[in-house]
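A.B. asks: Have a look at this one before I ask anything.
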Amino acid sequence: MTQTQRFGRRLPWYRVLGTGALVLAVGTGGALAWNAPDVAASPPAAASSANASPTSYDAATKSGRDVGKTFQHAFAKVRDVRMHYVTGGSGPALVLLHGWPQTWYEWHKIMPALAKHHTVYALDLPGLGDSEGAPPSFDKKTLARYVHGLLRDRIGLKQFDLVAHDLGAGVGFQYASQFPDQVKSYVHMDYPLPGRKLPAAQYRSFSWHMAFNSQKKIPEQLVDNRGDVREYLTGFYPQVAFGGSAFGGTRTESPFTRAETDEYLRTYSRPGVLHAGFELYRTLDKDERDNIAARSVNTRTLLLTATGSLAATRPTLEPKLTRITRAVEIPKSGHWLAEENPEAVTREILAFTGKDT
């Protein structure tokens, strides 16, 4: 696919060579009621010691300075999945949904600032991160129902502001469509939406990683050990960063530190989590059908994209997200918005949720 073929418009800045889980065009408080038996922070048995292994679920927050001081880990059973989330702060509830290949930890740079104004809940999606077990399908409609089971049925949130990135934004859209009364405002970050404007087959043609991740069995067979996962992550992250090959650049340096990469490696090295990540792509055809059938979302929406991606991303959203009141390209940022320009992302989110810095 050439640069002039994308949605019938010319995008001279963009190259399709390698992209983030987004990468097509790259291109919100409520009452809190704790249900102690369901949501008490009970760590997995293997990591229950006070001297938990460096590979445990709290490895990143133990040495995470502000994140470690402010946030706590918790687990809750939703059907057949034991879901993990990190929470802290005070004020109206704000929920964060991550993308691929990341976890709740993608938000760690902005969570302390958000927590000054919100009670923040950063989730690991079902089957990913430190959530244990697998849902029957990884289509985003099903995942949204699991997220609802956690937020409404276990934690007890009646309303909240919702922020979602990448494939997590596929879940975010489905959540806002299925449970509109819960979502006060919605921030959709750098994810073109599969649907009539963007069929799944066309979506997969935009990047080698989308086509590769969608194959049955082959990804797990080729990326089959910790070393392979590290090579995949460290090779992929720079491609969709600002100045990377997905944007026509030559960048080879990862936007993440080794410690940050190690945290993602910790979870994606587990066969079940790695498989779950690939399943996010294998279900894009069902996502297309579900999005077409979904109820349109009239929730006040903020759209954030990478630099240069807004014009190609917005048309895929507007048929279903009918109330985009603000749309912004994050300056000097590729796909990893919250990590590449955390200050700008924080300002946009807090201004949009009514808590401007």
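In the structure tokens, chains take the letters A, B, ... in the order shown, each chain's residues start at 1, and ligands count up from 1 in the order shown.
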So that I can see what lies close to region 328-330 of chain A, please list as an mmCIF file with N, CA, C and O atoms, in the first residue's frame the residues with an atom at most 6 Å from it, counting only C-alpha atoms and leaving out residues fewer than 6 positions away in the same chain.
C.D. replies:
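Once everything was written out, this is result.cif:
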data_model
loop_
_atom_site.group_PDB
_atom_site.id
_atom_site.type_symbol
_atom_site.label_atom_id
_atom_site.label_comp_id
_atom_site.auth_asym_id
_atom_site.auth_seq_id
_atom_site.Cartn_x
_atom_site.Cartn_y
_atom_site.Cartn_z
ATOM 1 N N LEU A 304 -6.888 12.089 20.818
ATOM 2 C CA LEU A 304 -5.458 12.402 20.814
ATOM 3 C C LEU A 304 -4.758 11.446 19.862
ATOM 4 O O LEU A 304 -5.008 10.238 19.897
ATOM 5 N N THR A 305 -3.875 11.990 19.011
ATOM 6 C CA THR A 305 -3.127 11.128 18.107
ATOM 7 C C THR A 305 -1.655 11.528 18.102
ATOM 8 O O THR A 305 -1.267 12.574 18.617
ATOM 9 N N ALA A 306 -0.860 10.695 17.464
ATOM 10 C CA ALA A 306 0.531 11.022 17.213
ATOM 11 C C ALA A 306 0.631 12.215 16.265
ATOM 12 O O ALA A 306 -0.322 12.556 15.549
ATOM 13 N N THR A 307 1.790 12.837 16.251
ATOM 14 C CA THR A 307 2.029 13.943 15.326
ATOM 15 C C THR A 307 1.846 13.465 13.885
ATOM 16 O O THR A 307 2.459 12.493 13.466
#
A.B. asks: Where does region 129-239 of chain A meet region 97-107 of chain A within 12 Å, residue by residue, with the nearest atom pair and distance in Å to one decimal for each, counting only C-alpha atoms, listed by chain and rising number, as a Markdown table?
C.D. replies:
| residue | atom | partner | partner_atom | distance |
| --- | --- | --- | --- | --- |
| A:Gly129 | CA | A:Thr103 | CA | 5.2 |
| A:Asp130 | CA | A:Thr103 | CA | 8.4 |
| A:Ser131 | CA | A:Thr103 | CA | 9.8 |
| A:Lys140 | CA | A:Gly99 | CA | 11.7 |
| A:Leu143 | CA | A:Leu97 | CA | 11.0 |
| A:Ala144 | CA | A:Leu97 | CA | 10.3 |
| A:Val147 | CA | A:Leu97 | CA | 9.3 |
| A:Leu151 | CA | A:Leu97 | CA | 11.9 |
| A:Asp161 | CA | A:Leu97 | CA | 11.4 |
| A:Leu162 | CA | A:Leu97 | CA | 8.0 |
| A:Val163 | CA | A:Leu97 | CA | 6.3 |
| A:Ala164 | CA | A:Leu97 | CA | 4.6 |
| A:His165 | CA | A:Gly99 | CA | 5.5 |
| A:Asp166 | CA | A:Gly99 | CA | 4.7 |
| A:Leu167 | CA | A:Gly99 | CA | 4.9 |
| A:Gly168 | CA | A:Gly99 | CA | 4.7 |
| A:Ala169 | CA | A:Leu97 | CA | 7.2 |
| A:Gly170 | CA | A:Gly99 | CA | 9.1 |
| A:Val171 | CA | A:Leu97 | CA | 8.0 |
| A:Gly172 | CA | A:Leu97 | CA | 7.3 |
| A:Phe173 | CA | A:Leu97 | CA | 10.9 |
| A:Tyr175 | CA | A:Leu97 | CA | 10.9 |
| A:Tyr186 | CA | A:Leu97 | CA | 11.3 |
| A:Val187 | CA | A:Leu97 | CA | 10.3 |
| A:His188 | CA | A:Leu97 | CA | 10.0 |
| A:Met189 | CA | A:Gly99 | CA | 9.7 |
| A:Asp190 | CA | A:Gly99 | CA | 9.9 |
| A:Tyr191 | CA | A:Gly99 | CA | 9.4 |
| A:His209 | CA | A:Pro101 | CA | 11.2 |
| A:Met210 | CA | A:Trp100 | CA | 11.1 |
| A:Asn213 | CA | A:Trp100 | CA | 11.0 |
| A:Val229 | CA | A:Pro101 | CA | 10.4 |
| A:Arg230 | CA | A:Pro101 | CA | 11.4 |
| A:Tyr232 | CA | A:Pro101 | CA | 10.0 |
| A:Leu233 | CA | A:Pro101 | CA | 7.7 |
| A:Thr234 | CA | A:Pro101 | CA | 10.9 |
| A:Phe236 | CA | A:Pro101 | CA | 9.4 |
| A:Tyr237 | CA | A:Pro101 | CA | 8.9 |
A.B. asks: Thr299 (chain A): which residues within 9 Å, counting only C-alpha atoms, same-chain residues fewer than 6 positions away excluded, as a ChimeraX atom specification?
C.D. replies: /A:176-177,180,183-186,321-324
A.B. asks: Restricting the output to N, CA and C atoms, write the selected residues as an mmCIF file, in the first residue's frame.
C.D. replies:
data_model
loop_
_atom_site.group_PDB
_atom_site.id
_atom_site.type_symbol
_atom_site.label_atom_id
_atom_site.label_comp_id
_atom_site.auth_asym_id
_atom_site.auth_seq_id
_atom_site.Cartn_x
_atom_site.Cartn_y
_atom_site.Cartn_z
ATOM 1 N N ALA A 176 -17.982 2.404 26.003
ATOM 2 C CA ALA A 176 -18.837 3.595 25.951
ATOM 3 C C ALA A 176 -20.116 3.322 25.169
ATOM 4 N N SER A 177 -20.052 2.429 24.179
ATOM 5 C CA SER A 177 -21.234 2.086 23.401
ATOM 6 C C SER A 177 -22.193 1.214 24.196
ATOM 7 N N PRO A 180 -23.186 3.438 28.179
ATOM 8 C CA PRO A 180 -23.013 4.887 28.052
ATOM 9 C C PRO A 180 -23.296 5.662 29.332
ATOM 10 N N VAL A 183 -20.020 6.276 31.491
ATOM 11 C CA VAL A 183 -18.860 7.011 30.993
ATOM 12 C C VAL A 183 -19.196 8.497 30.905
ATOM 13 N N LYS A 184 -18.597 9.289 31.784
ATOM 14 C CA LYS A 184 -18.837 10.741 31.807
ATOM 15 C C LYS A 184 -18.172 11.440 30.639
ATOM 16 N N SER A 185 -16.944 11.052 30.357
ATOM 17 C CA SER A 185 -16.219 11.577 29.203
ATOM 18 C C SER A 185 -15.256 10.507 28.735
ATOM 19 N N TYR A 186 -14.857 10.606 27.484
ATOM 20 C CA TYR A 186 -14.027 9.558 26.889
ATOM 21 C C TYR A 186 -12.848 10.181 26.154
ATOM 22 N N LEU A 321 -18.267 7.714 16.950
ATOM 23 C CA LEU A 321 -18.023 8.659 18.043
ATOM 24 C C LEU A 321 -18.515 10.018 17.553
ATOM 25 N N THR A 322 -19.760 10.325 17.855
ATOM 26 C CA THR A 322 -20.439 11.452 17.214
ATOM 27 C C THR A 322 -20.249 12.777 17.935
ATOM 28 N N ARG A 323 -19.523 12.765 19.051
ATOM 29 C CA ARG A 323 -19.365 14.004 19.810
ATOM 30 C C ARG A 323 -17.898 14.238 20.156
ATOM 31 N N ILE A 324 -17.054 14.255 19.147
ATOM 32 C CA ILE A 324 -15.644 14.591 19.352
ATOM 33 C C ILE A 324 -15.556 16.104 19.475
#
A.B. asks: Show me, as a ChimeraX atom specification, the residues that have an atom within 9 Å of Pro315 (chain A) when counting only C-alpha atoms, minus same-chain residues fewer than 3 positions from it.
C.D. replies: /A:7,192,197,310-312,318-319
A.B. asks: How would you write, as an NGL selection string, the set of residues in region 75-189 of chain A that DSSP gives as helix (DSSP H, G or I)?
C.D. replies: :A and (104-107 or 111-114 or 140-155 or 167-178)
A.B. asks: Can I get the selection written as a short mmCIF file (atom, residue, chain, number, x, y, z; two decimals), in the first residue's frame, with N, CA and C atoms?
C.D. replies:
data_model
loop_
_atom_site.label_atom_id
_atom_site.label_comp_id
_atom_site.auth_asym_id
_atom_site.auth_seq_id
_atom_site.Cartn_x
_atom_site.Cartn_y
_atom_site.Cartn_z
N TRP A 104 -0.81 -1.95 32.16
CA TRP A 104 -1.17 -0.76 32.92
C TRP A 104 0.00 0.20 33.04
N TYR A 105 1.22 -0.34 32.96
CA TYR A 105 2.44 0.43 33.23
C TYR A 105 2.69 1.51 32.17
N GLU A 106 1.99 1.44 31.04
CA GLU A 106 2.19 2.49 30.03
C GLU A 106 1.81 3.86 30.56
N TRP A 107 1.02 3.91 31.63
CA TRP A 107 0.54 5.17 32.17
C TRP A 107 1.38 5.69 33.33
N MET A 111 0.35 8.99 35.75
CA MET A 111 -0.55 8.62 36.84
C MET A 111 -0.40 9.50 38.08
N PRO A 112 0.82 9.85 38.53
CA PRO A 112 0.92 10.70 39.73
C PRO A 112 0.24 12.05 39.56
N ALA A 113 0.39 12.68 38.39
CA ALA A 113 -0.26 13.97 38.16
C ALA A 113 -1.77 13.82 38.08
N LEU A 114 -2.24 12.76 37.43
CA LEU A 114 -3.68 12.53 37.35
C LEU A 114 -4.27 12.27 38.73
N LYS A 140 -13.04 -6.96 21.15
CA LYS A 140 -13.07 -5.83 22.08
C LYS A 140 -14.43 -5.67 22.76
N LYS A 141 -15.49 -6.17 22.13
CA LYS A 141 -16.80 -6.15 22.77
C LYS A 141 -16.81 -7.06 23.99
N THR A 142 -16.24 -8.25 23.85
CA THR A 142 -16.17 -9.18 24.99
C THR A 142 -15.28 -8.61 26.09
N LEU A 143 -14.12 -8.06 25.72
CA LEU A 143 -13.22 -7.50 26.73
C LEU A 143 -13.89 -6.36 27.48
N ALA A 144 -14.67 -5.54 26.78
CA ALA A 144 -15.38 -4.44 27.44
C ALA A 144 -16.32 -4.96 28.51
N ARG A 145 -16.93 -6.10 28.27
CA ARG A 145 -17.84 -6.67 29.26
C ARG A 145 -17.08 -7.16 30.49
N TYR A 146 -15.89 -7.67 30.30
CA TYR A 146 -15.07 -8.05 31.45
C TYR A 146 -14.64 -6.81 32.23
N VAL A 147 -14.26 -5.77 31.53
CA VAL A 147 -13.90 -4.52 32.20
C VAL A 147 -15.09 -3.99 33.00
N HIS A 148 -16.27 -4.08 32.42
CA HIS A 148 -17.49 -3.66 33.12
C HIS A 148 -17.70 -4.51 34.38
N GLY A 149 -17.45 -5.80 34.27
CA GLY A 149 -17.59 -6.66 35.43
C GLY A 149 -16.68 -6.25 36.57
N LEU A 150 -15.50 -5.77 36.23
CA LEU A 150 -14.57 -5.29 37.26
C LEU A 150 -15.02 -3.94 37.81
N LEU A 151 -15.25 -2.99 36.92
CA LEU A 151 -15.49 -1.61 37.36
C LEU A 151 -16.83 -1.45 38.07
N ARG A 152 -17.88 -2.01 37.52
CA ARG A 152 -19.21 -1.82 38.09
C ARG A 152 -19.53 -2.88 39.15
N ASP A 153 -19.31 -4.14 38.81
CA ASP A 153 -19.76 -5.21 39.69
C ASP A 153 -18.80 -5.51 40.84
N ARG A 154 -17.52 -5.29 40.65
CA ARG A 154 -16.55 -5.60 41.70
C ARG A 154 -16.11 -4.34 42.47
N ILE A 155 -15.66 -3.33 41.74
CA ILE A 155 -15.20 -2.11 42.41
C ILE A 155 -16.39 -1.25 42.82
N LEU A 167 -5.19 -0.58 21.04
CA LEU A 167 -6.23 -1.60 21.06
C LEU A 167 -7.10 -1.50 22.30
N GLY A 168 -6.56 -0.92 23.37
CA GLY A 168 -7.39 -0.62 24.53
C GLY A 168 -8.47 0.37 24.20
N ALA A 169 -8.23 1.23 23.20
CA ALA A 169 -9.26 2.17 22.75
C ALA A 169 -10.35 1.45 21.96
N GLY A 170 -10.01 0.31 21.36
CA GLY A 170 -11.06 -0.52 20.79
C GLY A 170 -12.00 -1.01 21.88
N VAL A 171 -11.43 -1.38 23.02
CA VAL A 171 -12.23 -1.77 24.19
C VAL A 171 -12.98 -0.55 24.73
N GLY A 172 -12.29 0.59 24.78
CA GLY A 172 -12.90 1.81 25.29
C GLY A 172 -14.13 2.22 24.50
N PHE A 173 -14.04 2.17 23.17
CA PHE A 173 -15.20 2.49 22.35
C PHE A 173 -16.36 1.56 22.65
N GLN A 174 -16.07 0.26 22.70
CA GLN A 174 -17.13 -0.71 22.96
C GLN A 174 -17.74 -0.50 24.35
N TYR A 175 -16.91 -0.11 25.32
CA TYR A 175 -17.44 0.14 26.66
C TYR A 175 -18.40 1.32 26.63
N ALA A 176 -17.98 2.40 26.00
CA ALA A 176 -18.84 3.59 25.95
C ALA A 176 -20.12 3.32 25.17
N SER A 177 -20.05 2.43 24.18
CA SER A 177 -21.23 2.09 23.40
C SER A 177 -22.19 1.21 24.20
N GLN A 178 -21.66 0.24 24.92
CA GLN A 178 -22.51 -0.70 25.66
C GLN A 178 -23.02 -0.13 26.98
#
A.B. asks: Give me, as CSV, each residue of region 73-181 of chain A that comes within 6 Å of region 275-287 of chain A, together with its shortest interatomic pair and the distance in Å at one decimal, counting only C-alpha atoms, with rows ordered by chain and rising residue number.
C.D. replies:
residue,atom,partner,partner_atom,distance
A:Gly127,CA,A:Ala276,CA,5.8
A:Phe138,CA,A:Leu280,CA,5.6
A:Asp139,CA,A:Thr283,CA,5.1
A.B. asks: DSSP says strand (DSSP E or B) for which residues of region 109-163 of chain A? Put them as a VMD selection string?
C.D. replies: chain A and resid 119 to 123 132 160 to 163
A.B. asks: Would you save the residues of that selection, restricted to all heavy atoms, as an mmCIF file, in the first residue's frame?
C.D. replies:
data_model
loop_
_atom_site.group_PDB
_atom_site.id
_atom_site.type_symbol
_atom_site.label_atom_id
_atom_site.label_comp_id
_atom_site.auth_asym_id
_atom_site.auth_seq_id
_atom_site.Cartn_x
_atom_site.Cartn_y
_atom_site.Cartn_z
ATOM 1 N N THR A 119 -9.287 9.755 41.444
ATOM 2 C CA THR A 119 -8.967 8.405 41.882
ATOM 3 C C THR A 119 -8.738 7.592 40.621
ATOM 4 O O THR A 119 -9.666 7.372 39.836
ATOM 5 C CB THR A 119 -10.102 7.786 42.707
ATOM 6 O OG1 THR A 119 -10.371 8.622 43.840
ATOM 7 C CG2 THR A 119 -9.708 6.397 43.193
ATOM 8 N N VAL A 120 -7.504 7.182 40.404
ATOM 9 C CA VAL A 120 -7.091 6.569 39.147
ATOM 10 C C VAL A 120 -7.142 5.048 39.254
ATOM 11 O O VAL A 120 -6.701 4.461 40.249
ATOM 12 C CB VAL A 120 -5.668 7.026 38.764
ATOM 13 C CG1 VAL A 120 -5.187 6.308 37.505
ATOM 14 C CG2 VAL A 120 -5.638 8.537 38.575
ATOM 15 N N TYR A 121 -7.664 4.412 38.205
ATOM 16 C CA TYR A 121 -7.677 2.951 38.092
ATOM 17 C C TYR A 121 -7.008 2.593 36.768
ATOM 18 O O TYR A 121 -7.571 2.845 35.693
ATOM 19 C CB TYR A 121 -9.095 2.409 38.110
ATOM 20 C CG TYR A 121 -9.844 2.711 39.381
ATOM 21 C CD1 TYR A 121 -10.543 3.912 39.530
ATOM 22 C CD2 TYR A 121 -9.839 1.807 40.441
ATOM 23 C CE1 TYR A 121 -11.217 4.199 40.704
ATOM 24 C CE2 TYR A 121 -10.519 2.088 41.625
ATOM 25 C CZ TYR A 121 -11.201 3.288 41.743
ATOM 26 O OH TYR A 121 -11.864 3.576 42.912
ATOM 27 N N ALA A 122 -5.814 2.033 36.821
ATOM 28 C CA ALA A 122 -5.105 1.595 35.624
ATOM 29 C C ALA A 122 -5.204 0.078 35.553
ATOM 30 O O ALA A 122 -4.672 -0.621 36.414
ATOM 31 C CB ALA A 122 -3.647 2.045 35.664
ATOM 32 N N LEU A 123 -5.888 -0.430 34.541
ATOM 33 C CA LEU A 123 -6.208 -1.850 34.459
ATOM 34 C C LEU A 123 -5.227 -2.611 33.580
ATOM 35 O O LEU A 123 -4.684 -2.071 32.622
ATOM 36 C CB LEU A 123 -7.612 -2.035 33.872
ATOM 37 C CG LEU A 123 -8.827 -1.873 34.770
ATOM 38 C CD1 LEU A 123 -8.867 -0.514 35.456
ATOM 39 C CD2 LEU A 123 -10.098 -2.117 33.964
ATOM 40 N N GLU A 132 -4.908 -12.841 35.246
ATOM 41 C CA GLU A 132 -4.714 -14.276 35.063
ATOM 42 C C GLU A 132 -5.979 -14.922 34.529
ATOM 43 O O GLU A 132 -7.084 -14.593 34.956
ATOM 44 C CB GLU A 132 -4.331 -14.913 36.400
ATOM 45 C CG GLU A 132 -3.025 -14.391 36.974
ATOM 46 C CD GLU A 132 -2.738 -14.977 38.335
ATOM 47 O OE1 GLU A 132 -3.670 -15.506 38.971
ATOM 48 O OE2 GLU A 132 -1.573 -14.905 38.776
ATOM 49 N N PHE A 160 -17.511 7.328 35.653
ATOM 50 C CA PHE A 160 -16.090 7.646 35.632
ATOM 51 C C PHE A 160 -15.734 8.254 34.288
ATOM 52 O O PHE A 160 -16.478 8.146 33.309
ATOM 53 C CB PHE A 160 -15.234 6.394 35.884
ATOM 54 C CG PHE A 160 -15.580 5.227 34.997
ATOM 55 C CD1 PHE A 160 -15.048 5.112 33.724
ATOM 56 C CD2 PHE A 160 -16.462 4.251 35.436
ATOM 57 C CE1 PHE A 160 -15.372 4.052 32.906
ATOM 58 C CE2 PHE A 160 -16.801 3.176 34.629
ATOM 59 C CZ PHE A 160 -16.255 3.068 33.364
ATOM 60 N N ASP A 161 -14.592 8.916 34.240
ATOM 61 C CA ASP A 161 -13.988 9.353 32.985
ATOM 62 C C ASP A 161 -13.122 8.206 32.482
ATOM 63 O O ASP A 161 -12.420 7.555 33.263
ATOM 64 C CB ASP A 161 -13.144 10.609 33.209
ATOM 65 C CG ASP A 161 -13.985 11.770 33.700
ATOM 66 O OD1 ASP A 161 -14.810 12.270 32.923
ATOM 67 O OD2 ASP A 161 -13.820 12.181 34.869
ATOM 68 N N LEU A 162 -13.134 7.975 31.194
ATOM 69 C CA LEU A 162 -12.444 6.829 30.597
ATOM 70 C C LEU A 162 -11.391 7.304 29.607
ATOM 71 O O LEU A 162 -11.673 8.125 28.729
ATOM 72 C CB LEU A 162 -13.450 5.927 29.889
ATOM 73 C CG LEU A 162 -12.909 4.700 29.155
ATOM 74 C CD1 LEU A 162 -12.206 3.752 30.113
ATOM 75 C CD2 LEU A 162 -14.053 3.984 28.425
ATOM 76 N N VAL A 163 -10.170 6.782 29.748
ATOM 77 C CA VAL A 163 -9.060 7.078 28.845
ATOM 78 C C VAL A 163 -8.545 5.754 28.295
ATOM 79 O O VAL A 163 -8.268 4.826 29.069
ATOM 80 C CB VAL A 163 -7.920 7.821 29.565
ATOM 81 C CG1 VAL A 163 -6.757 8.092 28.609
ATOM 82 C CG2 VAL A 163 -8.422 9.119 30.187
#
